[in-house]
Amino acid sequence: MSNYDYIIVGAGSAGCVLANRLSANPDIRVCLLEAGGSNRSPLLHVPAGWAATFNNPSFDWGYNTDPEPELGDRQVYWPRGKALGGSSAINGMIYIRGVPMDFAAWEQAGAKGWSWEDVLPYYKKAERQQVHDDDLHGADGPLHVQEVRDKRPMDDVFLNAMNEAGIPSNADFNGVDQTGCGYYQFTQNNGRRWSTASAYLTPARSRSNLTILTHAHTQRVLFEGKRACGVEISRRGNRQVINGAHVILSGGAIASPQLLEVSGVGDGERLRSLGIDLIHHNPEVGEHLQDHLLCKVVYATNPENSINREVQGLRLIPSALRWFFLRQGPLTTGSAPVGAFCHTREGLEAPDVQIHFASGGTLYNNAGKIQAMKEPAVSAVVNQSRPESRGSIHVRHADMTEAPTIKANYLSAQLDRDTLLRGMRILLDIFDQSELQPFLNGRLSPALDVDLNNDEELMAYIRREAGTVYHPTSTCSIGKVVDENLRVTGVDGLSVIDASVMPYVVSGNTNAATIMLAEKGADQLLAARH
Ligand SMILES: Cc1cc2nc3c(=O)[nH]c(=O)nc-3n(C[C@H](O)[C@H](O)[C@H](O)COP(=O)(O)OP(=O)(O)OC[C@H]3O[C@@H](n4cnc5c(N)ncnc54)[C@H](O)[C@@H]3O)c2cc1C
């Protein structure tokens, strides 16, 4: 096969950015490999379509964690996008960057050159902001960031209740201060999901120096000595070798450490025990996994206050027509339109919990389904922003045929248990405010027999119900597996650029930070050519 300058493995949030930025120079030959298929399906463009992608093997890898000790040995279902656009093609579309202290912590962990001042230009470079016009936002980037189109009366009622509970309004969570409550913004363009495939790949597709191969499942990185020289892929039943001067792994926080390990980069003892030839010993590969863990509160309401009936049965038809002809209505909403960032205790530099609210129930469920409940309901979830618990992802076999073991180790740190408990108390307090009472018909979850005044009972509820916010990161961290230029240490010609390199998960949803990382990573690679 032809010899490329860069082979990018994975066309997700990061991979599509890299493919665009690197191939913008016509002298650079780029090959983008995606295990999934194209992004033609309407499910990947209608914002609410994500619910139907879950556990659908055409679009979702459908992982599960190992039994989680602190969650009563429950396994937690982890969807991951599998198509052009990766997880940005199936995510909740919420656009949040994190806070400056996240990046100060990154620098302290060894990510020199990744301070807030260093990363802000790359957030702005990516962004095409619809409303906020100031030094913190970009207006000319490929990534449309737009207002919620289907604002509902219940969203405003919930915002009022948050004000009543003492949470101030915030018109821009990505402005000077994250604290407060308000509407989220979505990565959306006029009611259509704006994955990185739409933002970055579509404009670059016709470039003759960019090859995009879908259904190309990368099996391993090939090395000459310690230098990466290509990859082996499996495509429609055939094995193929693709040669390239530089291999970039952008498979995400699960697949990138998995690919490193099957290729011989990882803990020597672990790899040898599986029969994998060792290229470079680094026991940090696959370690330090982080994720955000959420817990929910659900209340019954009258049918007219809940989105539920508009997205199922025969009423789905007018909702679908509204989306198709007007790009309006409930299907323009990916996930939670409203949220908040709050402090659970005094003395914190930035909020330590995040809230998502939707005038529907249930957005989240652990069985691997997002399904509207039959009964009308409203729901909100809370998660800790900066968890201390750390897990790991490692291969079980010498090849890519089986999913790796995922140990999230949720709530293994005392701080995380305490913070989520306090976060749940903030959420329950919001539901107790007088603003909401005319609209609520009784609590559905936690069930009425849970004594909310009893910490142990509330904690037991969290252990039974908590689930992922879908934000795994840090399994190939800067300072541990890659250097500050995102090159894998100990070998040559190999980078990892995706959510796995974040030293810590950011304080918020992780798509924007992953795109920023790829923008900066592309610049670093291009700078190194001169
Ligand atoms: C259901 C869900 C909801 C979410 N909601 C939000 C949200 O509202 N806001 C937000 O900011 N973040 C959200 N996130 C998180 C965010 O989307 C991810 O953090 C981000 O997309 C990660 O980007 P990535 O490039 O690291 O990985 P991905 O985008 O997952 O990309 C990895 C790509 O690599 C491909 N791949 C994997 N293995 C191989 C292989 N061996 N060979 C070839 N290709 C391979 C995959 O198919 C995929 O396309 C959500 C995620 C999910 C799953």
# chains A, B, ... in the order shown; residues from 1 in each chain; ligands from 1
$ select_by_dssp --residues "stretch 132-328 of chain A" --states "strand (DSSP E)" --output "VMD selection string"
chain A and resid 143 to 147 180 to 183 185 to 186 188 to 189 192 to 193 210 to 213 216 to 224 227 to 235 238 to 249 265 to 266 280 to 281 293 to 300
$ residues_near_ligand --ligand "ligand 1" --cutoff "6 Å" --atoms "only C-alpha atoms and all ligand atoms" --output "PyMOL selection string"
chain A and resi 9-15+33-36+79-88+90-96+216-219+250-253+255+470-471+498-499+509-512+514
$ write_last_selection --atoms "C-alpha atoms" --output "compact mmCIF listing (two decimals), in the first residue's frame"
# COMPACT_ATOMS: atom_id res chain seq x y z
CA VAL A 9 -6.41 5.48 13.44
CA GLY A 10 -9.98 6.44 14.34
CA ALA A 11 -12.19 9.12 12.75
CA GLY A 12 -13.76 10.36 15.97
CA SER A 13 -13.79 13.73 17.70
CA ALA A 14 -10.00 13.98 17.45
CA GLY A 15 -9.30 11.97 14.29
CA LEU A 33 -8.80 4.70 9.14
CA GLU A 34 -12.20 4.18 10.75
CA ALA A 35 -13.45 0.83 12.03
CA GLY A 36 -17.08 1.92 11.67
CA PRO A 79 -21.49 3.38 24.53
CA ARG A 80 -18.77 4.64 22.15
CA GLY A 81 -19.34 5.96 18.65
CA LYS A 82 -18.35 3.74 15.73
CA ALA A 83 -18.68 5.65 12.46
CA LEU A 84 -17.17 8.74 10.87
CA GLY A 85 -17.40 11.30 13.68
CA GLY A 86 -16.89 8.65 16.39
CA SER A 87 -18.53 9.54 19.68
CA SER A 88 -19.26 13.09 18.44
CA ILE A 90 -23.73 9.86 18.92
CA ASN A 91 -23.12 12.17 21.86
CA GLY A 92 -25.37 14.57 23.76
CA MET A 93 -23.88 17.57 21.87
CA ILE A 94 -23.34 19.69 25.00
CA TYR A 95 -20.50 22.16 24.49
CA ILE A 96 -18.43 22.70 27.65
CA ALA A 216 -10.97 -0.47 8.43
CA HIS A 217 -10.44 -2.04 11.84
CA THR A 218 -6.83 -1.45 12.84
CA GLN A 219 -5.35 -4.57 14.41
CA SER A 250 -7.10 8.52 17.81
CA GLY A 251 -9.20 5.52 18.78
CA GLY A 252 -10.42 7.12 22.01
CA ALA A 253 -9.80 6.34 25.68
CA ALA A 255 -9.19 1.67 21.90
CA TYR A 470 -19.81 8.90 28.98
CA HIS A 471 -16.56 10.78 29.62
CA ASP A 498 -7.63 11.82 21.66
CA ALA A 499 -9.41 11.95 25.02
CA ASN A 509 -18.34 17.35 29.06
CA THR A 510 -15.30 16.12 27.17
CA ASN A 511 -15.97 16.62 23.45
CA ALA A 512 -14.81 20.25 23.20
CA THR A 514 -10.86 16.54 22.81
$ residues_around --residues "stretch 459-466 of chain A" --least-positions-apart "6" --cutoff "6 Å" --atoms "only C-alpha atoms" --output "list in words"
Leu71, Leu294 and Cys295 of chain A
$ write_last_selection --atoms "N, CA and C atoms" --output "PDB file, in the first residue's frame"
ATOM      1  N   LEU A  71     -20.284  -0.076  43.259  1.00  0.00           N
ATOM      2  CA  LEU A  71     -21.652   0.045  42.751  1.00  0.00           C
ATOM      3  C   LEU A  71     -22.377  -1.296  42.872  1.00  0.00           C
ATOM      4  N   LEU A 294     -22.731   9.821  37.241  1.00  0.00           N
ATOM      5  CA  LEU A 294     -23.922  10.630  37.557  1.00  0.00           C
ATOM      6  C   LEU A 294     -24.935   9.840  38.365  1.00  0.00           C
ATOM      7  N   CYS A 295     -25.820  10.581  39.027  1.00  0.00           N
ATOM      8  CA  CYS A 295     -26.967   9.950  39.670  1.00  0.00           C
ATOM      9  C   CYS A 295     -28.192  10.834  39.436  1.00  0.00           C
TER      10      CYS A 295
END
$ residues_around --residues "A:Leu43" --least-positions-apart "3" --cutoff "12 Å" --atoms "only C-alpha atoms" --output "list in words"
Ser38, Asn39, Arg40, Val46, Pro47, Ala48, Gly49, Trp50, Ala51, Ala52, Thr53, Phe54, Asn56, Ser58, Phe59, Asp60, Ala83, Ala89, Ile90, Asn91, Arg192, Arg193, Ala320, Leu331, Thr332 and Gly334 of chain A
$ residues_around --residues "A:Tyr63" --least-positions-apart "4" --cutoff "12 Å" --atoms "only C-alpha atoms" --output "PyMOL selection string"
chain A and resi 54-57+75-82+254-255+366-368+393+402-407+468+470+472
$ closest_residue --among "A:Ala398, A:Gln240, A:Gly479, A:Ala336" --to "A:Glu261" --atoms "only C-alpha atoms"
A:Ala398
$ closest_residue --among "A:Trp61, A:Phe103, A:Phe173, A:Tyr504" --to "A:Gln185" --atoms "only C-alpha atoms"
A:Phe173
$ select_by_dssp --residues "stretch 33-272 of chain A" --states "helix (DSSP H, G or I)" --output "JSON, numbers by chain"
{"A": [42, 43, 44, 47, 48, 49, 50, 51, 52, 53, 69, 70, 71, 86, 87, 88, 89, 100, 101, 102, 103, 104, 105, 106, 107, 108, 116, 117, 118, 119, 120, 121, 122, 123, 124, 125, 126, 153, 154, 155, 156, 157, 158, 159, 160, 161, 162, 163, 164, 196, 197, 198, 199, 200, 201, 202, 203, 204, 252, 253, 254, 255, 256, 257, 258, 259, 260, 261, 262, 268, 269, 270, 271, 272]}
$ residues_around --residues "stretch 283-289 of chain A" --least-positions-apart "5" --cutoff "12 Å" --atoms "only C-alpha atoms" --output "ChimeraX atom specification"
/A:65,252-271,278,387-395,404-410,471-482,488-489,496,499-505
$ residues_around --residues "A:Val241" --least-positions-apart "5" --cutoff "8 Å" --atoms "only C-alpha atoms" --output "tab-separated table (two decimals) with N, CA and C atoms, in the first residue's frame"
chain	number	residue	atom	x	y	z
A	1	MET	N	0.85	-1.20	0.00
A	1	MET	CA	0.00	0.00	0.00
A	1	MET	C	0.88	1.24	0.00
A	230	GLY	N	3.83	1.66	10.28
A	230	GLY	CA	2.56	1.41	9.60
A	230	GLY	C	1.59	0.69	10.53
A	231	VAL	N	0.50	0.24	9.95
A	231	VAL	CA	-0.49	-0.50	10.74
A	231	VAL	C	-1.00	-1.69	9.93
A	232	GLU	N	-1.52	-2.67	10.65
A	232	GLU	CA	-2.21	-3.78	9.99
A	232	GLU	C	-3.69	-3.57	10.24
A	233	ILE	N	-4.47	-3.65	9.16
A	233	ILE	CA	-5.91	-3.47	9.33
A	233	ILE	C	-6.66	-4.72	8.86
$ atom_distance --atom1 "atom CA of A:Phe357" --atom2 "atom CA of A:Asn454"
24.4 Å
$ closest_atom_pairs --of "stretch 132-247 of chain A" --to "stretch 521-530 of chain A" --cutoff "12 Å" --atoms "only C-alpha atoms" --output "Markdown table"
| residue | atom | partner | partner_atom | distance |
| --- | --- | --- | --- | --- |
| A:Ala245 | CA | A:Arg529 | CA | 11.9 |
| A:His246 | CA | A:Leu525 | CA | 9.8 |
| A:Val247 | CA | A:Leu525 | CA | 11.4 |
$ closest_residue --among "A:Ser41, A:Gln371, A:Ser198, A:Asn64" --to "A:Val17" --atoms "only C-alpha atoms"
A:Ser198
$ decode --residues "stretch 136-178 of chain A" --atoms "N, CA and C atoms" --output "JSON list (two decimals), in the first residue's frame"
[["chain", "number", "residue", "atom", "x", "y", "z"],
["A", 136, "LEU", "N", -13.16, 35.33, 24.63],
["A", 136, "LEU", "CA", -13.09, 33.90, 24.98],
["A", 136, "LEU", "C", -13.66, 33.00, 23.89],
["A", 137, "HIS", "N", -14.26, 33.57, 22.87],
["A", 137, "HIS", "CA", -14.95, 32.74, 21.88],
["A", 137, "HIS", "C", -14.42, 32.98, 20.47],
["A", 138, "GLY", "N", -14.58, 31.95, 19.64],
["A", 138, "GLY", "CA", -14.20, 32.05, 18.24],
["A", 138, "GLY", "C", -15.45, 32.04, 17.37],
["A", 139, "ALA", "N", -15.39, 32.73, 16.26],
["A", 139, "ALA", "CA", -16.58, 32.82, 15.39],
["A", 139, "ALA", "C", -16.34, 32.21, 14.02],
["A", 140, "ASP", "N", -15.09, 31.83, 13.72],
["A", 140, "ASP", "CA", -14.78, 31.42, 12.34],
["A", 140, "ASP", "C", -14.38, 29.96, 12.20],
["A", 141, "GLY", "N", -14.43, 29.19, 13.28],
["A", 141, "GLY", "CA", -13.97, 27.81, 13.20],
["A", 141, "GLY", "C", -15.01, 26.91, 12.54],
["A", 142, "PRO", "N", -14.66, 25.65, 12.33],
["A", 142, "PRO", "CA", -15.59, 24.73, 11.68],
["A", 142, "PRO", "C", -16.69, 24.17, 12.60],
["A", 143, "LEU", "N", -16.52, 24.32, 13.93],
["A", 143, "LEU", "CA", -17.42, 23.66, 14.87],
["A", 143, "LEU", "C", -18.55, 24.59, 15.30],
["A", 144, "HIS", "N", -19.74, 24.39, 14.73],
["A", 144, "HIS", "CA", -20.87, 25.23, 15.11],
["A", 144, "HIS", "C", -21.28, 24.98, 16.56],
["A", 145, "VAL", "N", -21.37, 26.06, 17.32],
["A", 145, "VAL", "CA", -21.82, 25.98, 18.72],
["A", 145, "VAL", "C", -23.03, 26.90, 18.82],
["A", 146, "GLN", "N", -24.19, 26.30, 19.03],
["A", 146, "GLN", "CA", -25.43, 27.09, 18.91],
["A", 146, "GLN", "C", -26.35, 26.90, 20.11],
["A", 147, "GLU", "N", -27.31, 27.82, 20.18],
["A", 147, "GLU", "CA", -28.28, 27.81, 21.27],
["A", 147, "GLU", "C", -29.25, 26.64, 21.14],
["A", 148, "VAL", "N", -29.79, 26.21, 22.28],
["A", 148, "VAL", "CA", -30.86, 25.21, 22.29],
["A", 148, "VAL", "C", -32.03, 25.76, 21.47],
["A", 149, "ARG", "N", -32.56, 24.96, 20.56],
["A", 149, "ARG", "CA", -33.65, 25.45, 19.69],
["A", 149, "ARG", "C", -35.03, 25.18, 20.27],
["A", 150, "ASP", "N", -35.12, 24.19, 21.16],
["A", 150, "ASP", "CA", -36.43, 23.78, 21.65],
["A", 150, "ASP", "C", -36.53, 24.07, 23.15],
["A", 151, "LYS", "N", -36.50, 25.39, 23.47],
["A", 151, "LYS", "CA", -36.59, 25.76, 24.89],
["A", 151, "LYS", "C", -38.03, 25.56, 25.35],
["A", 152, "ARG", "N", -38.22, 24.89, 26.47],
["A", 152, "ARG", "CA", -39.56, 24.51, 26.93],
["A", 152, "ARG", "C", -39.91, 25.22, 28.23],
["A", 153, "PRO", "N", -41.18, 25.43, 28.46],
["A", 153, "PRO", "CA", -41.56, 26.10, 29.73],
["A", 153, "PRO", "C", -40.96, 25.41, 30.95],
["A", 154, "MET", "N", -40.89, 24.08, 30.93],
["A", 154, "MET", "CA", -40.36, 23.40, 32.12],
["A", 154, "MET", "C", -38.87, 23.68, 32.32],
["A", 155, "ASP", "N", -38.17, 23.96, 31.21],
["A", 155, "ASP", "CA", -36.75, 24.32, 31.35],
["A", 155, "ASP", "C", -36.63, 25.60, 32.17],
["A", 156, "ASP", "N", -37.51, 26.56, 31.84],
["A", 156, "ASP", "CA", -37.47, 27.84, 32.57],
["A", 156, "ASP", "C", -37.92, 27.67, 34.02],
["A", 157, "VAL", "N", -38.90, 26.80, 34.22],
["A", 157, "VAL", "CA", -39.35, 26.55, 35.60],
["A", 157, "VAL", "C", -38.19, 25.97, 36.41],
["A", 158, "PHE", "N", -37.46, 25.04, 35.82],
["A", 158, "PHE", "CA", -36.34, 24.43, 36.55],
["A", 158, "PHE", "C", -35.26, 25.47, 36.82],
["A", 159, "LEU", "N", -35.01, 26.35, 35.84],
["A", 159, "LEU", "CA", -34.03, 27.42, 36.05],
["A", 159, "LEU", "C", -34.47, 28.32, 37.21],
["A", 160, "ASN", "N", -35.75, 28.66, 37.23],
["A", 160, "ASN", "CA", -36.26, 29.49, 38.33],
["A", 160, "ASN", "C", -36.08, 28.78, 39.67],
["A", 161, "ALA", "N", -36.35, 27.48, 39.67],
["A", 161, "ALA", "CA", -36.19, 26.72, 40.93],
["A", 161, "ALA", "C", -34.73, 26.72, 41.37],
["A", 162, "MET", "N", -33.83, 26.66, 40.40],
["A", 162, "MET", "CA", -32.40, 26.70, 40.78],
["A", 162, "MET", "C", -32.06, 28.06, 41.36],
["A", 163, "ASN", "N", -32.58, 29.13, 40.75],
["A", 163, "ASN", "CA", -32.37, 30.48, 41.33],
["A", 163, "ASN", "C", -32.91, 30.53, 42.75],
["A", 164, "GLU", "N", -34.12, 29.97, 42.92],
["A", 164, "GLU", "CA", -34.75, 29.97, 44.23],
["A", 164, "GLU", "C", -33.89, 29.21, 45.26],
["A", 165, "ALA", "N", -33.20, 28.18, 44.75],
["A", 165, "ALA", "CA", -32.34, 27.40, 45.66],
["A", 165, "ALA", "C", -30.99, 28.09, 45.90],
["A", 166, "GLY", "N", -30.82, 29.29, 45.31],
["A", 166, "GLY", "CA", -29.59, 30.04, 45.58],
["A", 166, "GLY", "C", -28.53, 29.92, 44.51],
["A", 167, "ILE", "N", -28.85, 29.25, 43.40],
["A", 167, "ILE", "CA", -27.86, 29.10, 42.32],
["A", 167, "ILE", "C", -28.06, 30.27, 41.34],
["A", 168, "PRO", "N", -27.04, 31.09, 41.14],
["A", 168, "PRO", "CA", -27.22, 32.27, 40.28],
["A", 168, "PRO", "C", -27.30, 31.88, 38.81],
["A", 169, "SER", "N", -27.87, 32.77, 38.01],
["A", 169, "SER", "CA", -27.95, 32.50, 36.56],
["A", 169, "SER", "C", -26.58, 32.74, 35.93],
["A", 170, "ASN", "N", -26.32, 31.97, 34.89],
["A", 170, "ASN", "CA", -25.07, 32.13, 34.13],
["A", 170, "ASN", "C", -25.41, 32.01, 32.65],
["A", 171, "ALA", "N", -25.17, 33.08, 31.90],
["A", 171, "ALA", "CA", -25.53, 33.08, 30.48],
["A", 171, "ALA", "C", -24.51, 32.35, 29.62],
["A", 172, "ASP", "N", -23.32, 32.07, 30.19],
["A", 172, "ASP", "CA", -22.28, 31.42, 29.39],
["A", 172, "ASP", "C", -21.38, 30.57, 30.29],
["A", 173, "PHE", "N", -21.60, 29.26, 30.26],
["A", 173, "PHE", "CA", -20.77, 28.36, 31.08],
["A", 173, "PHE", "C", -19.32, 28.33, 30.61],
["A", 174, "ASN", "N", -19.08, 28.81, 29.38],
["A", 174, "ASN", "CA", -17.71, 28.85, 28.85],
["A", 174, "ASN", "C", -17.16, 30.27, 28.89],
["A", 175, "GLY", "N", -17.77, 31.11, 29.72],
["A", 175, "GLY", "CA", -17.30, 32.48, 29.90],
["A", 175, "GLY", "C", -16.29, 32.57, 31.03],
["A", 176, "VAL", "N", -16.27, 33.72, 31.70],
["A", 176, "VAL", "CA", -15.24, 33.92, 32.73],
["A", 176, "VAL", "C", -15.43, 33.02, 33.94],
["A", 177, "ASP", "N", -16.67, 32.67, 34.26],
["A", 177, "ASP", "CA", -16.92, 31.84, 35.43],
["A", 177, "ASP", "C", -17.96, 30.77, 35.07],
["A", 178, "GLN", "N", -17.63, 29.52, 35.41],
["A", 178, "GLN", "CA", -18.53, 28.42, 35.07],
["A", 178, "GLN", "C", -19.73, 28.35, 36.01]]
